[in-house]
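target.tsv (TSV, C-alpha atoms and all ligand atoms) appears below.
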chain	number	residue	atom	x	y	z
A	1	MET	CA	-26.64	22.07	3.02
A	2	SER	CA	-30.13	20.63	3.44
A	3	SER	CA	-30.80	18.12	6.19
A	4	ALA	CA	-31.66	15.60	3.47
A	5	ALA	CA	-28.07	15.58	2.19
A	6	ALA	CA	-26.46	12.16	2.20
A	7	TYR	CA	-24.70	11.18	5.41
A	8	HIS	CA	-25.79	14.35	7.18
A	9	LEU	CA	-25.98	12.63	10.57
A	10	GLU	CA	-22.65	10.80	10.13
A	11	ARG	CA	-21.05	14.14	9.22
A	12	GLN	CA	-22.44	15.81	12.33
A	13	VAL	CA	-21.58	12.95	14.66
A	14	ALA	CA	-18.03	12.89	13.26
A	15	ILE	CA	-17.66	16.64	13.82
A	16	SER	CA	-18.96	16.33	17.37
A	17	ALA	CA	-16.58	13.45	18.14
A	18	VAL	CA	-13.53	15.12	16.59
A	19	THR	CA	-14.26	18.46	18.28
A	20	ARG	CA	-14.40	16.81	21.70
A	21	ALA	CA	-11.22	14.85	21.01
A	22	CYS	CA	-9.41	18.02	19.90
A	23	SER	CA	-10.21	19.85	23.14
A	24	LEU	CA	-8.90	16.83	24.99
A	25	THR	CA	-5.63	16.54	23.04
A	26	ASP	CA	-5.09	20.29	23.27
A	27	LYS	CA	-5.50	20.07	27.04
A	28	VAL	CA	-3.07	17.14	27.21
A	29	PHE	CA	-0.60	19.08	25.14
A	30	ARG	CA	-0.79	22.20	27.30
A	31	ASN	CA	-0.75	20.34	30.64
A	32	LEU	CA	1.44	17.35	30.03
A	33	VAL	CA	3.78	17.97	27.14
A	34	THR	CA	6.50	19.99	28.78
A	35	ALA	CA	10.04	20.72	27.72
A	36	ASP	CA	10.98	18.08	30.26
A	37	THR	CA	8.93	15.27	28.73
A	38	VAL	CA	10.23	16.13	25.29
A	39	THR	CA	13.89	16.12	26.27
A	40	LYS	CA	13.48	12.94	28.29
A	41	LYS	CA	11.78	11.43	25.22
A	42	ASP	CA	8.97	10.43	27.53
A	43	LYS	CA	6.14	9.36	25.22
A	44	SER	CA	3.55	9.13	27.99
A	45	PRO	CA	1.65	12.34	27.13
A	46	VAL	CA	1.15	11.02	23.62
A	47	THR	CA	-0.10	7.77	24.99
A	48	VAL	CA	-2.56	9.46	27.32
A	49	GLY	CA	-3.79	11.65	24.48
A	50	ASP	CA	-4.06	8.83	21.93
A	51	TYR	CA	-5.96	6.45	24.20
A	52	SER	CA	-8.30	9.03	25.70
A	53	ALA	CA	-9.13	10.55	22.32
A	54	GLN	CA	-9.89	7.11	20.88
A	55	ALA	CA	-12.13	6.31	23.88
A	56	VAL	CA	-14.04	9.57	23.39
A	57	VAL	CA	-14.49	9.30	19.62
A	58	ASN	CA	-15.55	5.65	19.79
A	59	THR	CA	-18.03	6.42	22.57
A	60	VAL	CA	-19.62	9.20	20.54
A	61	ILE	CA	-19.82	7.02	17.40
A	62	ALA	CA	-21.25	4.05	19.32
A	63	SER	CA	-23.92	6.17	20.99
A	64	HIS	CA	-25.39	7.00	17.58
A	65	PHE	CA	-24.41	4.02	15.44
A	66	SER	CA	-24.05	1.11	17.81
A	67	ALA	CA	-23.72	-1.49	15.05
A	68	ASP	CA	-20.98	0.25	13.06
A	69	ALA	CA	-17.48	-1.21	12.84
A	70	ILE	CA	-14.54	0.98	13.82
A	71	VAL	CA	-10.92	0.60	12.69
A	72	GLY	CA	-8.94	2.60	15.24
A	73	GLU	CA	-5.18	2.83	15.60
A	74	GLU	CA	-4.99	2.06	19.33
A	75	ASP	CA	-6.06	-0.85	21.54
A	76	SER	CA	-6.16	-1.36	25.30
A	77	LYS	CA	-3.73	-4.27	25.58
A	78	ASP	CA	-0.82	-2.38	27.17
A	79	LEU	CA	-3.21	-0.38	29.31
A	80	ARG	CA	-4.42	-3.51	31.09
A	81	ASN	CA	-1.01	-4.15	32.67
A	82	PRO	CA	-1.01	-3.52	36.43
A	83	GLU	CA	1.82	-0.96	35.98
A	84	ALA	CA	-0.41	1.15	33.73
A	85	LYS	CA	-2.77	2.09	36.60
A	86	ASN	CA	-1.66	5.72	36.62
A	87	LEU	CA	-2.14	5.95	32.85
A	88	ARG	CA	-5.63	4.42	33.13
A	89	ASP	CA	-6.56	6.91	35.86
A	90	GLN	CA	-5.54	9.82	33.67
A	91	ILE	CA	-7.50	8.40	30.72
A	92	VAL	CA	-10.64	7.96	32.83
A	93	LYS	CA	-10.41	11.57	34.01
A	94	LEU	CA	-9.64	13.10	30.61
A	95	ALA	CA	-12.17	11.05	28.63
A	96	ASN	CA	-14.99	11.72	31.08
A	97	GLU	CA	-14.23	15.44	31.09
A	98	ALA	CA	-14.33	15.51	27.29
A	99	LEU	CA	-17.58	13.53	27.15
A	100	ALA	CA	-19.21	15.71	29.82
A	101	SER	CA	-18.18	19.00	28.28
A	102	PRO	CA	-21.16	21.04	27.18
A	103	ALA	CA	-19.65	21.37	23.68
A	104	GLN	CA	-22.64	22.39	21.64
A	105	GLU	CA	-24.07	19.19	20.21
A	106	CYS	CA	-25.10	20.18	16.70
A	107	PRO	CA	-28.87	20.25	16.14
A	108	ALA	CA	-28.96	17.15	13.92
A	109	VAL	CA	-27.16	15.08	16.54
A	110	ALA	CA	-29.31	16.28	19.43
A	111	ASP	CA	-32.43	15.81	17.33
A	112	ALA	CA	-31.55	12.25	16.36
A	113	ALA	CA	-30.82	11.35	19.97
A	114	SER	CA	-34.14	12.73	21.21
A	115	LYS	CA	-36.23	11.12	18.44
A	116	SER	CA	-34.70	7.71	18.58
A	117	SER	CA	-35.13	5.90	21.86
A	118	GLU	CA	-32.40	3.54	20.73
A	119	ALA	CA	-29.95	6.39	20.19
A	120	ALA	CA	-30.97	7.99	23.49
A	121	SER	CA	-30.50	4.79	25.45
A	122	GLN	CA	-27.13	4.18	23.80
A	123	ALA	CA	-25.91	7.67	24.61
A	124	TRP	CA	-23.21	7.80	27.22
A	125	GLY	CA	-25.50	9.78	29.50
A	126	THR	CA	-24.53	12.03	32.38
A	127	GLN	CA	-22.75	9.46	34.55
A	128	ASP	CA	-18.99	9.14	34.30
A	129	LEU	CA	-17.95	6.05	32.35
A	130	SER	CA	-16.03	3.44	34.31
A	131	GLU	CA	-12.46	2.44	33.56
A	132	GLU	CA	-13.68	-0.83	32.03
A	133	ALA	CA	-16.26	0.95	29.87
A	134	LEU	CA	-13.56	3.25	28.50
A	135	LEU	CA	-11.13	0.40	27.82
A	136	ALA	CA	-13.94	-1.39	26.01
A	137	ALA	CA	-14.63	1.80	24.04
A	138	ILE	CA	-10.98	1.90	22.94
A	139	ASP	CA	-11.28	-1.74	21.82
A	140	ARG	CA	-14.32	-0.99	19.68
A	141	GLY	CA	-11.59	0.14	17.29
A	142	ASN	CA	-10.39	-3.42	16.70
A	143	ALA	CA	-12.44	-4.04	13.54
A	144	GLU	CA	-10.69	-5.55	10.55
A	145	GLY	CA	-12.20	-3.23	7.94
A	146	GLY	CA	-12.93	-4.64	4.51
A	147	ARG	CA	-15.16	-4.32	1.51
A	148	SER	CA	-18.62	-4.58	3.00
A	149	GLY	CA	-20.80	-2.49	5.24
A	150	ARG	CA	-20.44	0.61	7.39
A	151	CYS	CA	-17.03	1.24	8.95
A	152	TRP	CA	-15.21	4.16	10.59
A	153	ALA	CA	-11.44	4.72	10.46
A	154	LEU	CA	-9.94	6.64	13.36
A	155	ASP	CA	-6.51	8.07	14.07
A	156	PRO	CA	-6.96	9.66	17.50
A	157	ILE	CA	-3.65	11.54	17.22
A	158	ASP	CA	-2.02	11.50	13.82
A	159	GLY	CA	1.48	12.93	13.83
A	160	THR	CA	2.45	11.87	17.34
A	161	LYS	CA	5.95	13.20	16.73
A	162	GLY	CA	4.50	16.57	15.72
A	163	PHE	CA	2.31	16.55	18.81
A	164	LEU	CA	5.40	16.18	21.00
A	165	ARG	CA	7.28	18.88	19.12
A	166	GLY	CA	4.42	21.37	19.37
A	167	GLY	CA	4.09	21.12	15.60
A	168	GLN	CA	1.18	19.85	13.57
A	169	TYR	CA	-0.96	16.89	14.58
A	170	ALA	CA	-4.51	15.93	13.73
A	171	VAL	CA	-7.52	14.00	14.98
A	172	CYS	CA	-8.70	12.14	11.89
A	173	LEU	CA	-12.00	10.33	11.42
A	174	ALA	CA	-13.46	8.85	8.25
A	175	PHE	CA	-16.70	7.05	7.58
A	176	MET	CA	-16.72	4.39	4.86
A	177	VAL	CA	-19.39	2.30	3.20
A	178	ASP	CA	-18.35	-0.86	1.36
A	179	GLY	CA	-14.71	0.26	1.43
A	180	GLU	CA	-15.39	3.73	-0.04
A	181	VAL	CA	-14.76	6.84	2.04
A	182	GLN	CA	-17.98	8.88	2.28
A	183	VAL	CA	-17.21	11.34	5.10
A	184	GLY	CA	-13.89	12.74	6.31
A	185	VAL	CA	-13.36	15.01	9.32
A	186	ILE	CA	-9.96	16.27	10.47
A	187	GLY	CA	-9.30	18.53	13.44
A	188	CYS	CA	-5.94	20.31	13.50
A	189	PRO	CA	-5.59	22.07	16.87
A	190	ASN	CA	-2.31	23.76	15.88
A	191	LEU	CA	-3.21	24.80	12.34
A	192	PRO	CA	-4.13	28.47	11.74
A	193	HIS	CA	-7.52	29.32	10.24
A	194	ASP	CA	-5.78	31.24	7.51
A	195	ALA	CA	-2.21	30.28	6.69
A	196	SER	CA	-1.72	33.42	4.61
A	197	SER	CA	-2.29	35.56	7.70
A	198	ALA	CA	0.82	33.97	9.19
A	199	LYS	CA	3.59	33.80	6.64
A	200	PRO	CA	5.47	30.53	6.43
A	201	LYS	CA	8.38	30.48	8.84
A	202	GLU	CA	10.36	27.57	10.14
A	203	GLY	CA	9.28	25.61	7.09
A	204	GLU	CA	5.61	25.36	7.93
A	205	PHE	CA	2.55	26.91	6.36
A	206	GLY	CA	1.27	29.46	8.81
A	207	ALA	CA	3.92	28.92	11.47
A	208	GLY	CA	4.02	31.92	13.78
A	209	ALA	CA	0.23	32.35	13.84
A	210	LYS	CA	-1.26	33.74	17.02
A	211	ARG	CA	-2.64	31.26	19.50
A	212	ASN	CA	-6.24	32.39	19.03
A	213	ASP	CA	-6.01	31.89	15.26
A	214	LEU	CA	-5.15	28.24	15.79
A	215	GLY	CA	-7.45	25.26	15.63
A	216	THR	CA	-9.10	24.40	12.32
A	217	LEU	CA	-11.59	21.69	11.48
A	218	PHE	CA	-11.97	20.26	7.97
A	219	VAL	CA	-14.89	18.26	6.67
A	220	ALA	CA	-15.92	16.65	3.41
A	221	VAL	CA	-18.73	14.39	2.29
A	222	LYS	CA	-18.34	12.62	-1.03
A	223	GLY	CA	-19.92	14.69	-3.79
A	224	GLN	CA	-20.63	17.65	-1.46
A	225	GLY	CA	-17.33	19.56	-1.47
A	226	ALA	CA	-14.81	20.33	1.26
A	227	PHE	CA	-15.11	22.90	4.04
A	228	GLN	CA	-13.20	24.32	6.96
A	229	ARG	CA	-14.10	26.22	10.10
A	230	PRO	CA	-12.51	27.16	13.41
A	231	ILE	CA	-12.69	24.07	15.65
A	232	GLN	CA	-14.72	25.75	18.35
A	233	ALA	CA	-17.35	27.42	16.19
A	234	GLU	CA	-20.90	27.17	14.96
A	235	SER	CA	-21.47	25.18	11.81
A	236	ASP	CA	-22.60	28.31	9.94
A	237	SER	CA	-19.00	29.52	10.01
A	238	GLU	CA	-18.00	26.82	7.51
A	239	THR	CA	-16.38	28.04	4.33
A	240	ALA	CA	-15.73	26.03	1.18
A	241	ILE	CA	-12.11	25.25	0.36
A	242	THR	CA	-10.55	24.40	-3.00
A	243	MET	CA	-7.10	23.50	-4.22
A	244	ASN	CA	-5.09	26.01	-6.23
A	245	LYS	CA	-5.50	25.77	-9.97
A	246	ILE	CA	-1.99	25.25	-11.28
A	247	SER	CA	-0.95	26.67	-14.63
A	248	SER	CA	2.62	25.43	-14.33
A	249	LEU	CA	4.02	22.99	-11.80
A	250	SER	CA	7.25	24.98	-11.70
A	251	SER	CA	5.50	27.53	-9.50
A	252	ALA	CA	3.98	24.86	-7.27
A	253	SER	CA	5.04	23.98	-3.75
A	254	PHE	CA	5.05	20.52	-2.25
A	255	CYS	CA	4.85	19.12	1.24
A	256	GLU	CA	6.17	15.98	2.86
A	257	SER	CA	6.57	14.35	6.27
A	258	VAL	CA	8.99	15.81	8.76
A	259	GLU	CA	10.12	12.24	9.43
A	260	ALA	CA	12.53	10.97	6.75
A	261	GLY	CA	11.69	7.45	7.92
A	262	HIS	CA	8.04	7.91	6.80
A	263	SER	CA	8.71	9.09	3.26
A	264	SER	CA	11.83	9.38	1.17
A	265	HIS	CA	12.94	13.01	1.20
A	266	GLY	CA	15.59	12.27	-1.43
A	267	THR	CA	13.11	10.78	-3.91
A	268	ASN	CA	10.64	13.59	-3.24
A	269	ALA	CA	13.39	16.14	-4.00
A	270	ARG	CA	14.22	14.47	-7.32
A	271	ILE	CA	10.53	14.42	-8.32
A	272	ALA	CA	10.30	18.13	-7.53
A	273	GLU	CA	13.39	18.76	-9.63
A	274	LEU	CA	11.92	16.82	-12.57
A	275	LEU	CA	8.77	18.94	-12.32
A	276	GLY	CA	10.76	22.18	-12.23
A	277	ILE	CA	9.62	22.95	-8.68
A	278	THR	CA	12.11	25.35	-7.13
A	279	ALA	CA	10.45	26.12	-3.79
A	280	GLU	CA	11.81	24.30	-0.75
A	281	PRO	CA	9.58	21.49	0.51
A	282	VAL	CA	7.28	22.32	3.38
A	283	ARG	CA	7.62	19.67	6.07
A	284	MET	CA	4.69	18.99	8.35
A	285	ASP	CA	3.58	16.10	10.50
A	286	SER	CA	0.21	14.39	10.14
A	287	GLN	CA	-2.72	14.73	7.75
A	288	ALA	CA	-2.32	18.50	8.13
A	289	LYS	CA	-0.49	17.99	4.81
A	290	TYR	CA	-3.68	16.86	3.06
A	291	VAL	CA	-5.80	19.70	4.41
A	292	SER	CA	-3.09	22.27	3.69
A	293	ILE	CA	-3.03	21.42	-0.01
A	294	ALA	CA	-6.83	21.08	-0.04
A	295	ARG	CA	-7.16	24.76	0.89
A	296	GLY	CA	-4.31	25.94	-1.33
A	297	ASP	CA	-1.54	26.58	1.21
A	298	GLY	CA	0.54	24.21	-0.92
A	299	ASP	CA	-0.05	22.14	-4.04
A	300	VAL	CA	1.40	18.64	-3.98
A	301	TYR	CA	1.78	16.04	-1.21
A	302	LEU	CA	4.47	13.44	-1.86
A	303	ARG	CA	4.84	10.34	0.34
A	304	LEU	CA	7.38	8.15	-1.42
A	305	PRO	CA	8.13	4.84	0.27
A	306	VAL	CA	11.50	4.45	1.92
A	307	GLY	CA	13.78	1.48	1.21
A	308	ASP	CA	12.17	-1.64	-0.22
A	309	GLY	CA	8.68	-0.19	0.17
A	310	SER	CA	7.56	-3.02	2.42
A	311	TYR	CA	5.75	-0.65	4.84
A	312	GLN	CA	1.99	-0.87	4.52
A	313	GLU	CA	0.28	2.48	4.96
A	314	LYS	CA	-2.58	2.42	7.47
A	315	ILE	CA	-6.10	3.34	6.40
A	316	TRP	CA	-6.54	5.79	9.32
A	317	ASP	CA	-3.51	7.77	8.10
A	318	HIS	CA	-5.19	8.55	4.75
A	319	ALA	CA	-8.94	7.96	4.64
A	320	ALA	CA	-10.19	11.34	5.87
A	321	GLY	CA	-7.42	13.40	4.26
A	322	SER	CA	-7.75	11.83	0.84
A	323	LEU	CA	-11.49	12.56	0.66
A	324	ILE	CA	-10.95	16.17	1.73
A	325	VAL	CA	-8.36	16.65	-1.03
A	326	GLU	CA	-10.55	14.98	-3.67
A	327	GLU	CA	-13.56	17.07	-2.70
A	328	ALA	CA	-11.38	20.20	-3.00
A	329	GLY	CA	-10.48	19.34	-6.60
A	330	GLY	CA	-7.54	17.01	-6.13
A	331	ARG	CA	-6.67	13.47	-7.00
A	332	VAL	CA	-5.05	11.11	-4.50
A	333	SER	CA	-3.36	7.91	-5.59
A	334	ASP	CA	-0.41	5.71	-4.83
A	335	ILE	CA	2.95	6.10	-6.60
A	336	ARG	CA	1.65	4.22	-9.66
A	337	GLY	CA	-1.47	6.35	-10.00
A	338	ARG	CA	-3.73	3.63	-8.58
A	339	SER	CA	-6.61	4.81	-6.38
A	340	LEU	CA	-6.12	4.10	-2.69
A	341	ASP	CA	-8.12	1.00	-1.84
A	342	PHE	CA	-9.60	1.38	1.64
A	343	GLY	CA	-11.56	-1.87	1.35
A	344	VAL	CA	-8.77	-4.41	1.90
A	345	GLY	CA	-8.45	-4.28	5.67
A	346	ARG	CA	-6.65	-2.13	8.23
A	347	THR	CA	-3.83	-1.27	5.85
A	348	LEU	CA	-3.54	-0.07	2.25
A	349	LYS	CA	-1.78	-3.29	1.37
A	350	ASP	CA	-2.56	-3.03	-2.35
A	351	ASN	CA	-0.99	0.45	-2.62
A	352	LYS	CA	2.50	1.90	-2.22
A	353	GLY	CA	3.09	5.45	-1.05
A	354	VAL	CA	0.80	8.41	-1.70
A	355	VAL	CA	0.75	11.20	-4.28
A	356	ALA	CA	-1.83	13.99	-4.03
A	357	ALA	CA	-2.15	16.91	-6.43
A	358	HIS	CA	-4.74	18.95	-8.31
A	359	ARG	CA	-6.52	16.60	-10.69
A	360	ASP	CA	-5.31	18.62	-13.72
A	361	VAL	CA	-1.64	17.95	-12.96
A	362	HIS	CA	-1.77	14.63	-11.13
A	363	ASP	CA	-0.80	12.53	-14.18
A	364	GLN	CA	2.21	14.72	-14.77
A	365	VAL	CA	3.35	14.24	-11.17
A	366	ILE	CA	2.90	10.46	-11.46
A	367	ARG	CA	5.13	10.40	-14.56
A	368	ALA	CA	7.88	12.22	-12.64
A	369	VAL	CA	7.45	9.78	-9.73
A	370	GLY	CA	7.95	6.86	-12.12
A	371	GLN	CA	11.08	8.40	-13.60
A	372	ALA	CA	12.60	9.18	-10.18
A	373	LEU	CA	12.01	5.61	-8.99
A	374	GLU	CA	13.50	4.17	-12.21
A	375	GLU	CA	16.63	6.28	-11.70
A	376	GLU	CA	16.99	4.87	-8.18
A	377	GLY	CA	16.59	1.31	-9.41
A	378	ARG	CA	13.28	1.10	-7.55
A	379	GLY	CA	11.12	1.02	-10.67
A	380	ASN	CA	9.57	-2.25	-9.57
A	381	LEU	CA	8.15	-0.93	-6.30
B	401	LIG	N1	7.88	3.57	7.90
B	401	LIG	C1	6.77	4.31	7.77
B	401	LIG	N2	6.39	4.76	6.56
B	401	LIG	C2	5.32	5.52	6.41
B	401	LIG	N3	4.50	5.89	7.45
B	401	LIG	C3	4.83	5.48	8.68
B	401	LIG	C4	5.98	4.68	8.92
B	401	LIG	N4	6.03	4.44	10.24
B	401	LIG	C5	4.97	5.06	10.81
B	401	LIG	N5	4.25	5.69	9.87
B	401	LIG	C6	3.00	6.43	10.01
B	401	LIG	O1	3.25	7.80	9.77
B	401	LIG	C7	2.26	8.51	10.49
B	401	LIG	C8	2.65	9.95	10.61
B	401	LIG	O2	2.72	10.47	9.33
B	401	LIG	P1	3.53	11.79	9.00
B	401	LIG	O3	4.97	11.40	8.87
B	401	LIG	O4	2.93	12.20	7.70
B	401	LIG	O5	3.29	12.75	10.10
B	401	LIG	C9	2.18	7.78	11.79
B	401	LIG	O6	0.93	8.04	12.35
B	401	LIG	P2	0.82	8.29	13.96
B	401	LIG	O7	1.59	9.52	14.26
B	401	LIG	O8	-0.65	8.42	14.10
B	401	LIG	O9	1.35	7.05	14.61
B	401	LIG	C10	2.38	6.32	11.39
B	401	LIG	O10	1.16	5.61	11.25
B	402	MG	MG	-1.30	8.35	12.05
B	403	MG	MG	-1.96	8.06	15.64
B	404	MG	MG	1.04	5.70	16.00
Entire entry expressed as structure tokens:
Amino acid sequence: MSSAAAYHLERQVAISAVTRACSLTDKVFRNLVTADTVTKKDKSPVTVGDYSAQAVVNTVIASHFSADAIVGEEDSKDLRNPEAKNLRDQIVKLANEALASPAQECPAVADAASKSSEAASQAWGTQDLSEEALLAAIDRGNAEGGRSGRCWALDPIDGTKGFLRGGQYAVCLAFMVDGEVQVGVIGCPNLPHDASSAKPKEGEFGAGAKRNDLGTLFVAVKGQGAFQRPIQAESDSETAITMNKISSLSSASFCESVEAGHSSHGTNARIAELLGITAEPVRMDSQAKYVSIARGDGDVYLRLPVGDGSYQEKIWDHAAGSLIVEEAGGRVSDIRGRSLDFGVGRTLKDNKGVVAAHRDVHDQVIRAVGQALEEEGRGNL
């Protein structure tokens, strides 16, 4: 890709930020998520990981684009309680380590910082950031989103339940202009580079892959295609990814959330039946579902609302993943086939659920979704 390509710098800054955050979350996972914390249902490792990763990503974004708005999942409110001192100390240590790491800053990022005195003076520099500076960085994510201007959407750890289980989770960052997603970057520290090298076991694409095959980064810019590469790798190792072309949906496979509370497994199963899909669903946490279908590990992602459908999906749960799927040949919509509208605030309040499939078969999937909802008496969702 030439350096003149649209949003080249945003793409590189997003990759740099997500790469740093992934090393951090991977470290948190290996050091803090123990069998003990999982059985005690102690969520603190997740919290440390979420907050520190948001502090790191927001710091990297702000050092290059100080005026940009950021819609991030987390905020510092609970962290400011006196009892959270230990948590704050861990965040300060982890975030500063991640920001100080010599992770190769890609040439475009380094170049921009050296040419622009503004960028250089905004950079976080070599000094450790104070506790207050990091809490403020987390709160840069408090933007309301909306239809106008430049805005980032960040999920510092998507799939917190998967993170705790040692399953899939993702660091997800999207860049939007006037409510349209232009850049999407997703780091999946537990996803193999090549799912086919590790046959699906335990209901996951690529489960059983070797540790050193894990860690994949996905990136898309609108109109420029979708790519993947190992997380810790040079940019020239990027390869283009595309969705499978599907001749008949009966041979397709679909994926859904592990959590039945996040999408209706029963409705998803009926939709699959209506489409003649016989393969068992593949259950995965996080936006790893989007990137898995984008590279052809699976074909359809169904996220049917549970109950009365009053839950509003959050923009950071879908912005990056939906662009990656669309740039790989897919279409992403809500259950009625309406495009996801990322320009109405922090949530997708004008949409219900999510359906992603190759653009050639998406309409067919939407018809089955409509029929399944009618049968359940939820045709008015
Ligand atoms: N009732 C609900 N319906 C749909 N999504 C929900 C939900 N409650 C929480 N979520 C979202 O589901 C995300 C995880 O998605 P998935 O089930 O695909 O792994 C969570 O992201 P976090 O893990 O970042 O909090 C959270 O934002
Ligand atoms: Mg999330
Ligand atoms: Mg999250
Ligand atoms: Mg959450």
One-decimal distance in Å that lies between atom CA of A:Leu32 and atom CA of A:Cys172
21.4 Å
Do you know which residues are at most 8 Å from A:Val332 counting all atoms listed in the file, after dropping those on the same chain fewer than 2 positions away, and could you put them as a list in words?
Ser322, Val325, Glu326, Gly330, Asp334, Ser339, Leu340, Val354, Val355, Ala356 and Ala357 of chain A
Nearby polymer residues, ligand MG 402 (chain B), at most 10 Å, all atoms listed in the file, as an MDAnalysis selection string
chainID A and resid 73 154:161 169:172 285:287 313:318
Those selected residues, please, written with C-alpha atoms and delivered as a PDB file, in the frame of the given file.
ATOM      1  CA  GLU A  73      -5.180   2.830  15.600  1.00  0.00           C
ATOM      2  CA  LEU A 154      -9.940   6.640  13.360  1.00  0.00           C
ATOM      3  CA  ASP A 155      -6.510   8.070  14.070  1.00  0.00           C
ATOM      4  CA  PRO A 156      -6.960   9.660  17.500  1.00  0.00           C
ATOM      5  CA  ILE A 157      -3.650  11.540  17.220  1.00  0.00           C
ATOM      6  CA  ASP A 158      -2.020  11.500  13.820  1.00  0.00           C
ATOM      7  CA  GLY A 159       1.480  12.930  13.830  1.00  0.00           C
ATOM      8  CA  THR A 160       2.450  11.870  17.340  1.00  0.00           C
ATOM      9  CA  LYS A 161       5.950  13.200  16.730  1.00  0.00           C
ATOM     10  CA  TYR A 169      -0.960  16.890  14.580  1.00  0.00           C
ATOM     11  CA  ALA A 170      -4.510  15.930  13.730  1.00  0.00           C
ATOM     12  CA  VAL A 171      -7.520  14.000  14.980  1.00  0.00           C
ATOM     13  CA  CYS A 172      -8.700  12.140  11.890  1.00  0.00           C
ATOM     14  CA  ASP A 285       3.580  16.100  10.500  1.00  0.00           C
ATOM     15  CA  SER A 286       0.210  14.390  10.140  1.00  0.00           C
ATOM     16  CA  GLN A 287      -2.720  14.730   7.750  1.00  0.00           C
ATOM     17  CA  GLU A 313       0.280   2.480   4.960  1.00  0.00           C
ATOM     18  CA  LYS A 314      -2.580   2.420   7.470  1.00  0.00           C
ATOM     19  CA  ILE A 315      -6.100   3.340   6.400  1.00  0.00           C
ATOM     20  CA  TRP A 316      -6.540   5.790   9.320  1.00  0.00           C
ATOM     21  CA  ASP A 317      -3.510   7.770   8.100  1.00  0.00           C
ATOM     22  CA  HIS A 318      -5.190   8.550   4.750  1.00  0.00           C
TER      23      HIS A 318
END
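Straight-line separation from atom CA of A:Ala372 to atom CA of A:Ile293: 22.3 Å.
Taking only C-alpha atoms and all ligand atoms into account, ligand MG 403 (chain B) lies nearest to A:Thr47 out of the set A:Ser76, A:Ser63, A:Thr47, A:Thr34.
Using all atoms listed in the file, the nearest neighbour of A:Arg165 within the list A:Ser148, A:Gln364, A:Thr37, A:Ser66 is A:Thr37.
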Excluding A:Ala69 and its own-chain neighbours fewer than 3 positions away, which residues fall within 10 Å of it when counting only C-alpha atoms? Please give them as a list of chain:residue names.
A:Asn58, A:Ile61, A:Ala62, A:Phe65, A:Ser66, A:Gly72, A:Arg140, A:Gly141, A:Asn142, A:Ala143, A:Glu144, A:Gly145, A:Gly149, A:Arg150, A:Cys151, A:Trp152, A:Ala153, A:Phe175, A:Met176
The residue from A:Gly166, A:Gly49, A:Gly225, A:Gly298 with the smallest atom-to-atom distance to ligand MG 403 (chain B), counting all atoms listed in the file, is A:Gly49
Hey, can I get the axis-aligned box for stretch 51-58 of chain A? All listed atoms, 4 Å padding on each side, centre and edge lengths in Å to one decimal, as AutoDock Vina command-line options.
--center_x -10.8 --center_y 8.1 --center_z 22.7 --size_x 17.6 --size_y 12.9 --size_z 14.1
Could you state the separation of atom CA of A:Phe342 and atom CA of A:Lys222 in Å, given to one decimal place?
14.5 Å
Which residues are close to A:Val365, i.e. within 9 Å by only C-alpha atoms, leaving aside same-chain residues fewer than 3 positions away? Reply as a VMD selection string.
chain A and resid 249 271 to 272 275 300 355 to 357 361 to 362 368 to 370
Residue contacts of stretch 215-220 of chain A (7 Å, only C-alpha atoms) excluding same-chain residues fewer than 4 positions away, as number ranges by chain:
A: 183-193, 224-231, 323-324, 327
Generate a file of the selected residues that holds C-alpha atoms, formatted as a PDB file, keeping the file's coordinate frame.
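Dumped to selection.pdb:
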ATOM      1  CA  VAL A 183     -17.210  11.340   5.100  1.00  0.00           C
ATOM      2  CA  GLY A 184     -13.890  12.740   6.310  1.00  0.00           C
ATOM      3  CA  VAL A 185     -13.360  15.010   9.320  1.00  0.00           C
ATOM      4  CA  ILE A 186      -9.960  16.270  10.470  1.00  0.00           C
ATOM      5  CA  GLY A 187      -9.300  18.530  13.440  1.00  0.00           C
ATOM      6  CA  CYS A 188      -5.940  20.310  13.500  1.00  0.00           C
ATOM      7  CA  PRO A 189      -5.590  22.070  16.870  1.00  0.00           C
ATOM      8  CA  ASN A 190      -2.310  23.760  15.880  1.00  0.00           C
ATOM      9  CA  LEU A 191      -3.210  24.800  12.340  1.00  0.00           C
ATOM     10  CA  PRO A 192      -4.130  28.470  11.740  1.00  0.00           C
ATOM     11  CA  HIS A 193      -7.520  29.320  10.240  1.00  0.00           C
ATOM     12  CA  GLN A 224     -20.630  17.650  -1.460  1.00  0.00           C
ATOM     13  CA  GLY A 225     -17.330  19.560  -1.470  1.00  0.00           C
ATOM     14  CA  ALA A 226     -14.810  20.330   1.260  1.00  0.00           C
ATOM     15  CA  PHE A 227     -15.110  22.900   4.040  1.00  0.00           C
ATOM     16  CA  GLN A 228     -13.200  24.320   6.960  1.00  0.00           C
ATOM     17  CA  ARG A 229     -14.100  26.220  10.100  1.00  0.00           C
ATOM     18  CA  PRO A 230     -12.510  27.160  13.410  1.00  0.00           C
ATOM     19  CA  ILE A 231     -12.690  24.070  15.650  1.00  0.00           C
ATOM     20  CA  LEU A 323     -11.490  12.560   0.660  1.00  0.00           C
ATOM     21  CA  ILE A 324     -10.950  16.170   1.730  1.00  0.00           C
ATOM     22  CA  GLU A 327     -13.560  17.070  -2.700  1.00  0.00           C
TER      23      GLU A 327
END
Would you mind telling me which residue in A:Gly162, A:Gly125, A:Gly276, A:Gly321 lies nearest to ligand MG 403 (chain B) when using all atoms listed in the file?
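Answer, going by the shortest atom-to-atom distance: A:Gly162.
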Excluding A:Pro102 and any residue of its chain fewer than 5 positions from it, enumerate the residues within 12 Å of it, using all atoms listed in the file, and give them as a ChimeraX atom specification.
/A:16,19-20,23,96-97,126,232
